[in-house]
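Asks: Dropping the structure in here first, questions after.
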Number of protein chains: 2
Amino acid sequence: MAVTVRDVAKAAGVSASTVSRALANPAVVDPATRERVVRVADALGYRPNRAARGLITGRTGNIGLILPDLANPFFPSVVKAVQQRAHASDYQVFVADTDEVPQAELGLVRSLAKQVDGVILCSPRMPPAELREASGYVPVVLVNRHAGPISSVTIDTPAAMRAVVDHLVSLGHREIGYVAGPRSSWSSRQRLIGLRSATEATGVRLVDLGHFAPTFEGGRHAVQCVVASGVTSVVAYNDLCAIGMVSALRERGTVVPDDLSVVGVDDIEMSAMLHPALTTVRVPKQDLGRTAVDLLLHALADPTSRARHAS
Amino acid sequence: MAVTVRDVAKAAGVSASTVSRALANPAVVDPATRERVVRVADALGYRPNRAARGLITGRTGNIGLILPDLANPFFPSVVKAVQQRAHASDYQVFVADTDEVPQAELGLVRSLAKQVDGVILCSPRMPPAELREASGYVPVVLVNRHAGPISSVTIDTPAAMRAVVDHLVSLGHREIGYVAGPRSSWSSRQRLIGLRSATEATGVRLVDLGHFAPTFEGGRHAVQCVVASGVTSVVAYNDLCAIGMVSALRERGTVVPDDLSVVGVDDIEMSAMLHPALTTVRVPKQDLGRTAVDLLLHALADPTSRARHAS
DNA sequence: CTTTAGTCTGCAACCGATTGCACGCTGGGC
DNA sequence: GCCCAGCGTGCAATCGGTTGCAGACTAAAG
């Protein structure tokens with residue numbers, strides 16, 4: 001059915017080896033032969049079967065991307081960036097969404113491992129031991145998470161949290177609530193740590209309001225805790241959650257930002273579409289995705305290189 | 001490095017064939033042998049290499065999903081549904097985003113063709129001839145598009161548009177503007193057709209306001225045409241566009257829905273998060289995705305079956 | 001006790017591409 | 001005219017599974 005090297009070989013009057021070389025390693029074949037092979041190849045519409053090549057070379061030309069929830073607009077942005085960079089290097093991308101189930105992550109890594117050259121774990125929730133196990137199956141790059149021996153791309157959380165605190169302080173706030181994301185979220189913990197040191201430095205009171213789903217609904221649920229705590233300003237784990245809070249607050253008659261300041265993190269496009277727009281921390285989603293791919297391709301090209309940590 | 005059938009075979013004291021059969025076709029091997037093989041296999045952490053199997057059986061266990069723009073929240077919803085259904089049948093999903101470049105679609109189909117058993121084209125913009133070409137490379141199922149001999153999943157657009165018109169008429173509107181999506185969008189054309197017959201049936205004037213990007217920005221741009229046309233109500237190609245319109249209208253001081261009614265299509269989650277919420281047409285995104293997978297798997301199981309059209 | 005049917009397993013070929021090795025040919029140097 | 005270097009190409013093995021075919025062995029039937 002499909003056109004194979006042998007079909008091309010026959011049609012061009014050469015051996016399969018020559019076809020393979022003409023396409024993959026043009027330098028070693030006679031220019032005249034090469035040109036003929038190439039012409040025949042695309043006359044026949046030949047496309048090499050990546051899978052077969054993968055068996056021999058160990059390079060499938062695919063990368064995997066695992067993330068918690070595509071319904072959170074933060075992740076599609078990363079996916080798009082990853083894809084762009086991957087396609088530019090002739091890689092295809094497997095995307096898998098765990099639906100915020102941390103236990104699903106390792107299984108996905110395993111089932112992807114044989115089909116991809118490497119995996120990007122975006123905001124993984126799995127415990128460190130599993131992280132190590134995962135990176136034993138296949139080269140791994142982390143996004144939004146740091147773990148010693150594994151390459152990663154993160155944002156400068158302390159600086160971001162300092163900026164948030166400075167902003168709220170400049171508005172006159174002396175107490176800040178934090179609505180955390182999932183317990184298993186590394187970035188949520190980091191944000192709390194960042195807020196803690198930034199608030200200590202400025203003498204502001206930080207109130208930990210507990211963990212909530214990193215979703216619109218999660219934000220809505222958080223509101224009663226926020227109100228009960230009496231804080232005048234609150235930082236949410238992410239924009240989606242912040243937007244949920246603003247929505248529920250409005251229903252209670254609390255005006256944002258007059259009665260209560262709400263700050264999100266991620267700067268998803270949606271945040272700018274609201275009236276009034278949500279105050280949020282810009283996160284370079286494109287860069288995260290691009291850099292992750294670069295780190296992964298770098299690691300694939302030179303497997304001996306040490307882990308790198310970017311951004 | 002990785003564990004292969006032969007490793008398992010050696011450890012279990014059988015041949016590679018037996019291992020393969022024990023795992024893929026348990027009925028034909030002796031229960032005792034089978035049990036031993038299975039135990040050894042997962043003691044060693046054996047995972048068959050899908051790609052190798054694919055070479056022989058022509059079944060890779062992967063499906064491809066191509067769509068115009070993950071940044072439009074409509075598509076992540078479909079992706080999630082597709083993934084769920086696919087994973088349940090032990091299929092992995094390749095996702096590719098064309099960034100609203102119709103010319104990129106066929107290329108993606110080609111580069112995916114050898115690695116997947118079938119492809120779901122969600123809201124494809126390519127011309128019909130290319131659609132036929134694509135379905136020659138690999139089994140294809142269409143979502144949000146209809147083309148005779150290719151299986152597809154669509155919504156009942158005429159009914160949806162009738163409901164929209166009825167709703168606007170019941171609010172007292174006698175003229176409706178339509179802000180179309182991309183020229184190459186089949187569903188945008190269908191929606192126009194649907195609106196046309198629904199408005200003719202009710203004696204309402206329909207104004208075609210031209211094509212715009214199916215994005216927030218596209219909606220903002222559309223506003224000047226909307227205002228210039230003087231219509232009292234407007235239907236946007238999709239929610240994102242409608243939301244952009246509402247945003248730009250608000251900046252001009254036009255109050256929605258008092259001064260102008262705006263209706264979207266898709267019912268993305270975001271539409272319910274706004275204040276006031278956007279009026280929109282519910283689209284069963286989950287069902288679209290699920291059904292598409294079902295149709296594809298059905299076609300794979302029985303390649304002789306004719307095309308089916310669902311929803 | 002032989003024949004026959006049936007079950008279980010292994011051998012070997014195969015899928016499509018890649019690659020080490022060796023052979024044949026050409027051309028320059030002596 | 002002969003030798004050696006070097007280029008270009010083909011043969012055959014390989015990757016990790018799968019599968020047709022045939023042989024070994026068991027058990028039931030004659």
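Each chain of the structure tokens is named A, B, ... in the order shown, its residues numbered from 1; ligands are numbered from 1 in display order.
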Taking only C-alpha atoms (C1' of nucleotides) into account, what are the residues of chain C at most 8 Å from chain A, put as JSON, numbers by chain?
Replies: {"C": [16, 17, 18]}
Asks: Can I get the residues of chain A within 9 Å of chain B, each with the closest pair of atoms and their distance in Å to one decimal, using only C-alpha atoms, sorted chain first then ascending number, as JSON lines?
Replies:
```
{"residue": "A:Ala2", "atom": "CA", "partner": "B:Tyr137", "partner_atom": "CA", "distance": 8.4}
{"residue": "A:Arg47", "atom": "CA", "partner": "B:Ser111", "partner_atom": "CA", "distance": 7.8}
{"residue": "A:Pro48", "atom": "CA", "partner": "B:Lys114", "partner_atom": "CA", "distance": 8.2}
{"residue": "A:Asn49", "atom": "CA", "partner": "B:Lys114", "partner_atom": "CA", "distance": 5.8}
{"residue": "A:Arg50", "atom": "CA", "partner": "B:Gln115", "partner_atom": "CA", "distance": 7.1}
{"residue": "A:Ala51", "atom": "CA", "partner": "B:Ala51", "partner_atom": "CA", "distance": 5.2}
{"residue": "A:Ala52", "atom": "CA", "partner": "B:Leu55", "partner_atom": "CA", "distance": 7.0}
{"residue": "A:Gly54", "atom": "CA", "partner": "B:Ala51", "partner_atom": "CA", "distance": 8.0}
{"residue": "A:Leu55", "atom": "CA", "partner": "B:Ala52", "partner_atom": "CA", "distance": 7.0}
{"residue": "A:Gly64", "atom": "CA", "partner": "B:Phe94", "partner_atom": "CA", "distance": 9.0}
{"residue": "A:Asp69", "atom": "CA", "partner": "B:Lys80", "partner_atom": "CA", "distance": 8.5}
{"residue": "A:Leu70", "atom": "CA", "partner": "B:Pro76", "partner_atom": "CA", "distance": 5.7}
{"residue": "A:Ala71", "atom": "CA", "partner": "B:Pro76", "partner_atom": "CA", "distance": 6.0}
{"residue": "A:Asn72", "atom": "CA", "partner": "B:Pro73", "partner_atom": "CA", "distance": 8.8}
{"residue": "A:Pro73", "atom": "CA", "partner": "B:Pro73", "partner_atom": "CA", "distance": 7.2}
{"residue": "A:Pro76", "atom": "CA", "partner": "B:Leu70", "partner_atom": "CA", "distance": 5.7}
{"residue": "A:Ser77", "atom": "CA", "partner": "B:Ala71", "partner_atom": "CA", "distance": 6.5}
{"residue": "A:Val79", "atom": "CA", "partner": "B:Leu70", "partner_atom": "CA", "distance": 8.1}
{"residue": "A:Lys80", "atom": "CA", "partner": "B:Leu70", "partner_atom": "CA", "distance": 7.0}
{"residue": "A:Gln83", "atom": "CA", "partner": "B:Ala96", "partner_atom": "CA", "distance": 7.3}
{"residue": "A:Gln84", "atom": "CA", "partner": "B:Asp97", "partner_atom": "CA", "distance": 8.8}
{"residue": "A:Gln92", "atom": "CA", "partner": "B:Phe94", "partner_atom": "CA", "distance": 7.7}
{"residue": "A:Val93", "atom": "CA", "partner": "B:Phe94", "partner_atom": "CA", "distance": 6.1}
{"residue": "A:Phe94", "atom": "CA", "partner": "B:Phe94", "partner_atom": "CA", "distance": 4.4}
{"residue": "A:Val95", "atom": "CA", "partner": "B:Val95", "partner_atom": "CA", "distance": 5.9}
{"residue": "A:Ala96", "atom": "CA", "partner": "B:Val93", "partner_atom": "CA", "distance": 7.3}
{"residue": "A:Asp97", "atom": "CA", "partner": "B:Lys80", "partner_atom": "CA", "distance": 7.1}
{"residue": "A:Asp99", "atom": "CA", "partner": "B:Lys80", "partner_atom": "CA", "distance": 8.4}
{"residue": "A:Arg110", "atom": "CA", "partner": "B:Arg47", "partner_atom": "CA", "distance": 8.1}
{"residue": "A:Ser111", "atom": "CA", "partner": "B:Arg47", "partner_atom": "CA", "distance": 7.8}
{"residue": "A:Leu112", "atom": "CA", "partner": "B:Gln92", "partner_atom": "CA", "distance": 8.0}
{"residue": "A:Lys114", "atom": "CA", "partner": "B:Asn49", "partner_atom": "CA", "distance": 5.8}
{"residue": "A:Gln115", "atom": "CA", "partner": "B:Ala51", "partner_atom": "CA", "distance": 6.7}
{"residue": "A:Tyr137", "atom": "CA", "partner": "B:Ala2", "partner_atom": "CA", "distance": 8.4}
{"residue": "A:Phe216", "atom": "CA", "partner": "B:Met273", "partner_atom": "CA", "distance": 8.1}
{"residue": "A:Ile243", "atom": "CA", "partner": "B:Met273", "partner_atom": "CA", "distance": 7.9}
{"residue": "A:Gly244", "atom": "CA", "partner": "B:Met273", "partner_atom": "CA", "distance": 7.6}
{"residue": "A:Ser247", "atom": "CA", "partner": "B:Met273", "partner_atom": "CA", "distance": 7.0}
{"residue": "A:Glu269", "atom": "CA", "partner": "B:Ala71", "partner_atom": "CA", "distance": 8.9}
{"residue": "A:Met270", "atom": "CA", "partner": "B:Met270", "partner_atom": "CA", "distance": 8.0}
{"residue": "A:Met273", "atom": "CA", "partner": "B:Ser247", "partner_atom": "CA", "distance": 7.0}
{"residue": "A:Leu274", "atom": "CA", "partner": "B:Leu274", "partner_atom": "CA", "distance": 7.2}
{"residue": "A:His275", "atom": "CA", "partner": "B:Ser247", "partner_atom": "CA", "distance": 8.0}
```
Asks: Dump C-alpha atoms for the selected residues as a PDB file, in the first residue's frame?
Replies:
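The resulting file, part-v9.pdb, is shown below:
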```
ATOM      1  CA  ALA A   2       2.297   2.680   1.279  1.00  0.00           C
ATOM      2  CA  ARG A  47       7.507   9.405   3.135  1.00  0.00           C
ATOM      3  CA  PRO A  48       9.825   7.434   5.375  1.00  0.00           C
ATOM      4  CA  ASN A  49       8.162   5.509   8.167  1.00  0.00           C
ATOM      5  CA  ARG A  50       9.405   7.147  11.346  1.00  0.00           C
ATOM      6  CA  ALA A  51       8.565   4.117  13.414  1.00  0.00           C
ATOM      7  CA  ALA A  52      10.851   1.848  11.439  1.00  0.00           C
ATOM      8  CA  GLY A  54      13.081   4.570  15.347  1.00  0.00           C
ATOM      9  CA  LEU A  55      13.682   0.885  15.835  1.00  0.00           C
ATOM     10  CA  GLY A  64       5.661  13.681  24.559  1.00  0.00           C
ATOM     11  CA  ASP A  69      -5.461  20.055  32.449  1.00  0.00           C
ATOM     12  CA  LEU A  70      -5.951  21.445  28.986  1.00  0.00           C
ATOM     13  CA  ALA A  71      -9.062  23.220  30.173  1.00  0.00           C
ATOM     14  CA  ASN A  72      -6.801  25.662  31.985  1.00  0.00           C
ATOM     15  CA  PRO A  73      -5.846  28.128  29.223  1.00  0.00           C
ATOM     16  CA  PRO A  76      -2.732  25.334  25.638  1.00  0.00           C
ATOM     17  CA  SER A  77      -0.355  28.286  25.401  1.00  0.00           C
ATOM     18  CA  VAL A  79       1.377  23.340  24.082  1.00  0.00           C
ATOM     19  CA  LYS A  80       1.321  25.732  21.158  1.00  0.00           C
ATOM     20  CA  GLN A  83       4.554  22.350  19.053  1.00  0.00           C
ATOM     21  CA  GLN A  84       5.923  25.243  17.112  1.00  0.00           C
ATOM     22  CA  GLN A  92       5.842  15.591  16.277  1.00  0.00           C
ATOM     23  CA  VAL A  93       4.206  16.047  19.662  1.00  0.00           C
ATOM     24  CA  PHE A  94       2.109  13.604  21.704  1.00  0.00           C
ATOM     25  CA  VAL A  95      -0.064  15.521  24.133  1.00  0.00           C
ATOM     26  CA  ALA A  96      -1.569  13.843  27.167  1.00  0.00           C
ATOM     27  CA  ASP A  97      -3.764  15.437  29.785  1.00  0.00           C
ATOM     28  CA  ASP A  99      -7.195  15.627  34.296  1.00  0.00           C
ATOM     29  CA  ARG A 110       5.435   4.695  30.605  1.00  0.00           C
ATOM     30  CA  SER A 111       3.038   4.254  27.765  1.00  0.00           C
ATOM     31  CA  LEU A 112       4.659   7.094  25.875  1.00  0.00           C
ATOM     32  CA  LYS A 114       8.756   3.740  23.769  1.00  0.00           C
ATOM     33  CA  GLN A 115       7.190   6.008  21.219  1.00  0.00           C
ATOM     34  CA  TYR A 137      12.395   5.470  31.294  1.00  0.00           C
ATOM     35  CA  PHE A 216     -12.853  28.686  38.206  1.00  0.00           C
ATOM     36  CA  ILE A 243     -11.327  34.792  38.126  1.00  0.00           C
ATOM     37  CA  GLY A 244     -13.589  32.383  39.987  1.00  0.00           C
ATOM     38  CA  SER A 247     -17.016  36.106  40.088  1.00  0.00           C
ATOM     39  CA  GLU A 269      -5.380  35.814  27.677  1.00  0.00           C
ATOM     40  CA  MET A 270      -8.743  35.607  29.299  1.00  0.00           C
ATOM     41  CA  MET A 273     -10.687  40.110  28.377  1.00  0.00           C
ATOM     42  CA  LEU A 274     -12.509  40.823  31.610  1.00  0.00           C
ATOM     43  CA  HIS A 275     -13.912  44.104  32.871  1.00  0.00           C
TER      44      HIS A 275
END
```
Asks: Do you know which residues are at most 12 Å from DC11 of chain C counting only C-alpha atoms (C1' of nucleotides), after dropping those on the same chain fewer than 6 positions away, and could you put them as a VMD selection string?
Replies: (chain B and resid 15 to 18) or (chain D and resid 19 to 23)
Asks: With N, CA and C atoms (P, O5', C5', C4', C3', O3' and C1' of nucleotides) retained, write the just-selected residues as a short mmCIF file (atom, residue, chain, number, x, y, z; two decimals), in the first residue's frame.
Replies:
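Here's the written file part23.cif:
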```
data_model
loop_
_atom_site.label_atom_id
_atom_site.label_comp_id
_atom_site.auth_asym_id
_atom_site.auth_seq_id
_atom_site.Cartn_x
_atom_site.Cartn_y
_atom_site.Cartn_z
N SER B 15 10.07 -19.22 24.03
CA SER B 15 10.54 -18.48 22.87
C SER B 15 9.84 -17.12 22.79
N ALA B 16 10.40 -16.27 21.98
CA ALA B 16 9.82 -14.94 21.83
C ALA B 16 8.38 -15.03 21.32
N SER B 17 8.15 -15.96 20.43
CA SER B 17 6.80 -16.11 19.88
C SER B 17 5.80 -16.34 20.99
N THR B 18 6.18 -17.20 21.92
CA THR B 18 5.26 -17.53 23.01
C THR B 18 4.96 -16.31 23.87
P DT D 19 0.02 -10.78 14.35
"O5'" DT D 19 0.42 -12.04 13.45
"C5'" DT D 19 1.00 -11.83 12.17
"C4'" DT D 19 1.43 -13.16 11.58
"C3'" DT D 19 0.49 -14.33 11.85
"O3'" DT D 19 0.43 -15.11 10.67
"C1'" DT D 19 2.64 -14.89 12.52
P DG D 20 -0.91 -15.88 10.31
"O5'" DG D 20 -0.39 -16.92 9.21
"C5'" DG D 20 0.41 -16.45 8.12
"C4'" DG D 20 1.34 -17.55 7.63
"C3'" DG D 20 0.68 -18.93 7.50
"O3'" DG D 20 1.23 -19.60 6.36
"C1'" DG D 20 2.42 -19.04 9.11
P DC D 21 0.70 -20.99 5.89
"O5'" DC D 21 1.78 -21.97 6.51
"C5'" DC D 21 3.17 -21.72 6.28
"C4'" DC D 21 3.99 -22.71 7.09
"C3'" DC D 21 3.40 -24.12 7.12
"O3'" DC D 21 4.40 -25.04 6.73
"C1'" DC D 21 3.95 -23.38 9.30
P DA D 22 3.98 -26.57 6.44
"O5'" DA D 22 4.95 -27.32 7.46
"C5'" DA D 22 6.27 -26.81 7.71
"C4'" DA D 22 6.75 -27.36 9.03
"C3'" DA D 22 6.38 -28.84 9.24
"O3'" DA D 22 7.45 -29.47 9.91
"C1'" DA D 22 5.52 -27.56 11.00
P DG D 23 7.67 -31.06 9.80
"O5'" DG D 23 8.22 -31.42 11.25
"C5'" DG D 23 9.17 -30.56 11.88
"C4'" DG D 23 8.96 -30.63 13.38
"C3'" DG D 23 8.70 -32.05 13.90
"O3'" DG D 23 9.49 -32.27 15.05
"C1'" DG D 23 6.97 -30.60 14.59
#
```
Asks: If you run DSSP on this backbone, which residues of segment 154-188 of chain B come out as strand (DSSP E), and could you give them as a list in words?
Replies: Glu175, Ile176, Gly177, Tyr178, Val179 and Ala180 of chain B
Asks: Compute the chain D side of the contact with chain B at 9 Å, counting only C-alpha atoms (C1' of nucleotides), and hand it back as an MDAnalysis selection string.
Replies: chainID D and resid 15:19
Asks: Applying 9 Å and only C-alpha atoms (C1' of nucleotides), which residues near segment 209-215 of chain B remain after dropping the ones on its own chain fewer than 3 positions away? List them as a ChimeraX atom specification.
Replies: /B:71-72,177-183,218-222,225-226,229,236-244
Asks: Extract, using only C-alpha atoms (C1' of nucleotides), all DNA, RNA and protein residues at most 12 Å from Ala43 of chain A, discarding same-chain residues fewer than 4 positions from it, and format them as a PyMOL selection string.
Replies: chain A and resi 3+7-8+11-12+36-39+47
Asks: With C-alpha atoms kept, could you save the residues just selected as an mmCIF file, in the first residue's frame?
Replies:
```
data_model
loop_
_atom_site.group_PDB
_atom_site.id
_atom_site.type_symbol
_atom_site.label_atom_id
_atom_site.label_comp_id
_atom_site.auth_asym_id
_atom_site.auth_seq_id
_atom_site.Cartn_x
_atom_site.Cartn_y
_atom_site.Cartn_z
ATOM 1 C CA VAL A 3 5.423 3.549 -0.667
ATOM 2 C CA ASP A 7 9.607 0.798 -4.121
ATOM 3 C CA VAL A 8 11.643 3.909 -4.620
ATOM 4 C CA ALA A 11 11.851 2.713 -9.567
ATOM 5 C CA ALA A 12 15.171 4.513 -9.425
ATOM 6 C CA ARG A 36 17.445 10.902 -9.422
ATOM 7 C CA VAL A 37 16.478 9.179 -6.188
ATOM 8 C CA VAL A 38 15.064 12.330 -4.714
ATOM 9 C CA ARG A 39 13.038 12.995 -7.835
ATOM 10 C CA ARG A 47 7.507 9.405 3.135
#
```
Asks: What is the distance, in Å and to one decimal place, between atom C1' of DC25 of chain C and atom C1' of DG10 of chain D?
Replies: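 According to the coordinates, atom C1' of DC25 of chain C and atom C1' of DG10 of chain D are separated by 13.6 Å.
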Asks: Enumerate, as a CSV table (one decimal) with C-alpha atoms, in the first residue's frame, the complete set of residues in segment 20-261 of chain B that a backbone-based DSSP assignment places in helix (DSSP H, G or I).
Replies:
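The result, stored in part_13.csv:
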```
chain,number,residue,atom,x,y,z
B,20,SER,CA,4.2,-12.4,22.1
B,21,ARG,CA,1.2,-14.7,22.0
B,22,ALA,CA,0.8,-14.9,25.7
B,23,LEU,CA,0.4,-11.2,25.8
B,24,ALA,CA,-1.6,-10.5,22.7
B,26,PRO,CA,-3.8,-15.4,25.5
B,27,ALA,CA,-6.3,-18.0,24.3
B,28,VAL,CA,-3.8,-20.0,22.3
B,31,PRO,CA,-2.6,-21.3,30.9
B,32,ALA,CA,0.4,-22.3,33.0
B,33,THR,CA,2.9,-21.0,30.5
B,34,ARG,CA,0.8,-17.9,30.0
B,35,GLU,CA,0.7,-17.1,33.7
B,36,ARG,CA,4.4,-17.6,34.1
B,37,VAL,CA,5.2,-15.4,31.1
B,38,VAL,CA,2.8,-12.6,32.3
B,39,ARG,CA,4.4,-12.7,35.7
B,40,VAL,CA,8.0,-12.5,34.4
B,41,ALA,CA,6.9,-9.8,31.9
B,42,ASP,CA,5.8,-7.4,34.5
B,43,ALA,CA,8.5,-8.4,37.0
B,44,LEU,CA,10.9,-7.1,34.3
B,50,ARG,CA,4.1,-0.1,19.8
B,51,ALA,CA,6.1,1.1,16.9
B,52,ALA,CA,7.5,-2.4,16.1
B,53,ARG,CA,4.1,-4.0,16.3
B,54,GLY,CA,2.8,-1.3,14.0
B,55,LEU,CA,5.3,-2.3,11.3
B,56,ILE,CA,3.8,-5.8,11.2
B,57,THR,CA,0.2,-5.4,12.0
B,74,PHE,CA,-13.5,25.2,22.2
B,75,PHE,CA,-10.7,22.9,21.0
B,76,PRO,CA,-9.2,21.9,24.3
B,77,SER,CA,-12.6,20.6,25.3
B,78,VAL,CA,-12.7,18.5,22.2
B,79,VAL,CA,-9.1,17.3,22.8
B,80,LYS,CA,-9.9,16.3,26.3
B,81,ALA,CA,-12.9,14.2,25.2
B,82,VAL,CA,-11.0,12.6,22.4
B,83,GLN,CA,-8.1,11.7,24.7
B,84,GLN,CA,-10.4,10.2,27.3
B,85,ARG,CA,-12.1,8.0,24.9
B,86,ALA,CA,-8.9,7.1,23.1
B,87,HIS,CA,-7.0,6.2,26.3
B,88,ALA,CA,-9.9,4.1,27.4
B,102,PRO,CA,-5.3,25.9,6.2
B,103,GLN,CA,-2.3,25.1,4.1
B,104,ALA,CA,-0.6,23.4,7.0
B,105,GLU,CA,-3.3,20.8,7.5
B,106,LEU,CA,-2.5,18.5,4.7
B,107,GLY,CA,1.2,18.5,5.6
B,108,LEU,CA,0.4,17.5,9.1
B,109,VAL,CA,-1.8,14.7,7.9
B,110,ARG,CA,1.0,13.4,5.8
B,111,SER,CA,3.6,13.6,8.5
B,112,LEU,CA,1.2,11.9,10.9
B,113,ALA,CA,-0.1,9.3,8.5
B,128,PRO,CA,-12.6,19.3,-0.4
B,129,ALA,CA,-10.0,18.0,-2.8
B,130,GLU,CA,-7.4,18.0,-0.1
B,131,LEU,CA,-9.9,16.4,2.2
B,132,ARG,CA,-10.2,13.5,-0.2
B,133,GLU,CA,-6.4,13.4,-0.6
B,134,ALA,CA,-6.0,13.2,3.1
B,135,SER,CA,-8.5,10.4,3.5
B,136,GLY,CA,-6.4,8.5,0.9
B,137,TYR,CA,-3.4,8.6,3.2
B,157,THR,CA,-26.8,23.7,12.7
B,158,PRO,CA,-30.2,24.6,11.2
B,159,ALA,CA,-31.9,23.8,14.5
B,160,ALA,CA,-29.3,25.8,16.4
B,161,MET,CA,-29.7,28.8,14.2
B,162,ARG,CA,-33.5,28.6,14.3
B,163,ALA,CA,-33.3,28.7,18.1
B,164,VAL,CA,-31.0,31.7,18.0
B,165,VAL,CA,-33.3,33.6,15.7
B,166,ASP,CA,-36.4,32.6,17.7
B,167,HIS,CA,-34.7,33.9,20.8
B,168,LEU,CA,-33.7,37.2,19.3
B,169,VAL,CA,-37.2,37.6,17.7
B,170,SER,CA,-38.7,37.0,21.1
B,186,TRP,CA,-17.4,25.1,6.8
B,187,SER,CA,-19.3,25.6,10.0
B,188,SER,CA,-19.3,29.4,9.5
B,189,ARG,CA,-20.9,28.9,6.1
B,190,GLN,CA,-23.4,26.5,7.5
B,191,ARG,CA,-24.3,28.9,10.3
B,192,LEU,CA,-24.9,31.6,7.7
B,193,ILE,CA,-27.1,29.3,5.7
B,194,GLY,CA,-29.0,28.3,8.8
B,195,LEU,CA,-29.5,31.9,9.8
B,196,ARG,CA,-30.7,32.7,6.3
B,197,SER,CA,-33.4,30.2,6.3
B,198,ALA,CA,-34.4,30.9,9.9
B,199,THR,CA,-34.7,34.6,9.2
B,200,GLU,CA,-36.6,34.1,6.0
B,201,ALA,CA,-39.0,31.9,7.8
B,202,THR,CA,-39.6,34.6,10.4
B,216,PHE,CA,-11.2,37.9,20.7
B,217,GLU,CA,-9.3,40.4,18.5
B,218,GLY,CA,-11.4,39.4,15.5
B,219,GLY,CA,-14.5,40.3,17.5
B,220,ARG,CA,-13.1,43.6,18.5
B,221,HIS,CA,-12.4,44.4,14.8
B,222,ALA,CA,-15.9,43.4,13.8
B,223,VAL,CA,-17.5,46.0,16.0
B,224,GLN,CA,-17.1,48.9,13.7
B,225,CYS,CA,-18.9,47.0,10.9
B,226,VAL,CA,-21.6,46.0,13.4
B,227,VAL,CA,-22.1,49.6,14.5
B,228,ALA,CA,-22.0,50.9,11.0
B,229,SER,CA,-24.7,48.5,9.9
B,239,ASP,CA,-18.0,32.7,21.6
B,240,LEU,CA,-14.4,34.1,21.5
B,241,CYS,CA,-15.4,36.5,18.7
B,242,ALA,CA,-18.6,37.4,20.5
B,243,ILE,CA,-16.7,38.1,23.7
B,244,GLY,CA,-14.3,40.4,21.8
B,245,MET,CA,-17.3,42.3,20.4
B,246,VAL,CA,-18.8,42.8,23.8
B,247,SER,CA,-15.5,44.0,25.1
B,248,ALA,CA,-15.1,46.6,22.3
B,249,LEU,CA,-18.7,47.6,22.5
B,250,ARG,CA,-18.4,48.3,26.2
B,251,GLU,CA,-15.4,50.6,25.5
B,252,ARG,CA,-17.6,52.5,23.0
```
Asks: Give me the residues near DT26 of chain C as a list in words, where near means some atom within 12 Å (using only C-alpha atoms (C1' of nucleotides)) and where sequence neighbours in that chain fewer than 6 positions away do not count.
Replies: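 Residues meeting the cut-off are DC4, DA5, DG6, DC7 and DG8 of chain D.
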Asks: I'd like the contact shell of Leu142 of chain B - 9 Å cut-off, only C-alpha atoms (C1' of nucleotides), skipping same-chain residues fewer than 4 positions apart - returned as a compact mmCIF listing (two decimals) with C-alpha atoms, in the first residue's frame.
Replies:
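Result saved to out27.txt:
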```txt
# COMPACT_ATOMS: atom_id res chain seq x y z
CA VAL B 119 -6.79 10.99 12.05
CA ILE B 120 -9.54 13.19 13.41
CA LEU B 121 -9.74 16.49 11.60
CA CYS B 122 -11.48 18.98 13.82
CA SER B 123 -12.92 21.99 11.99
CA PRO B 124 -10.61 21.51 9.03
CA HIS B 146 -19.40 17.30 6.35
CA ALA B 147 -18.02 15.75 3.18
CA ILE B 150 -15.87 10.66 4.84
CA SER B 151 -17.26 9.89 8.28
CA SER B 152 -18.11 12.98 10.23
CA VAL B 153 -19.58 14.39 13.40
CA THR B 154 -21.44 17.65 13.24
CA ALA B 292 -15.36 11.08 16.58
```
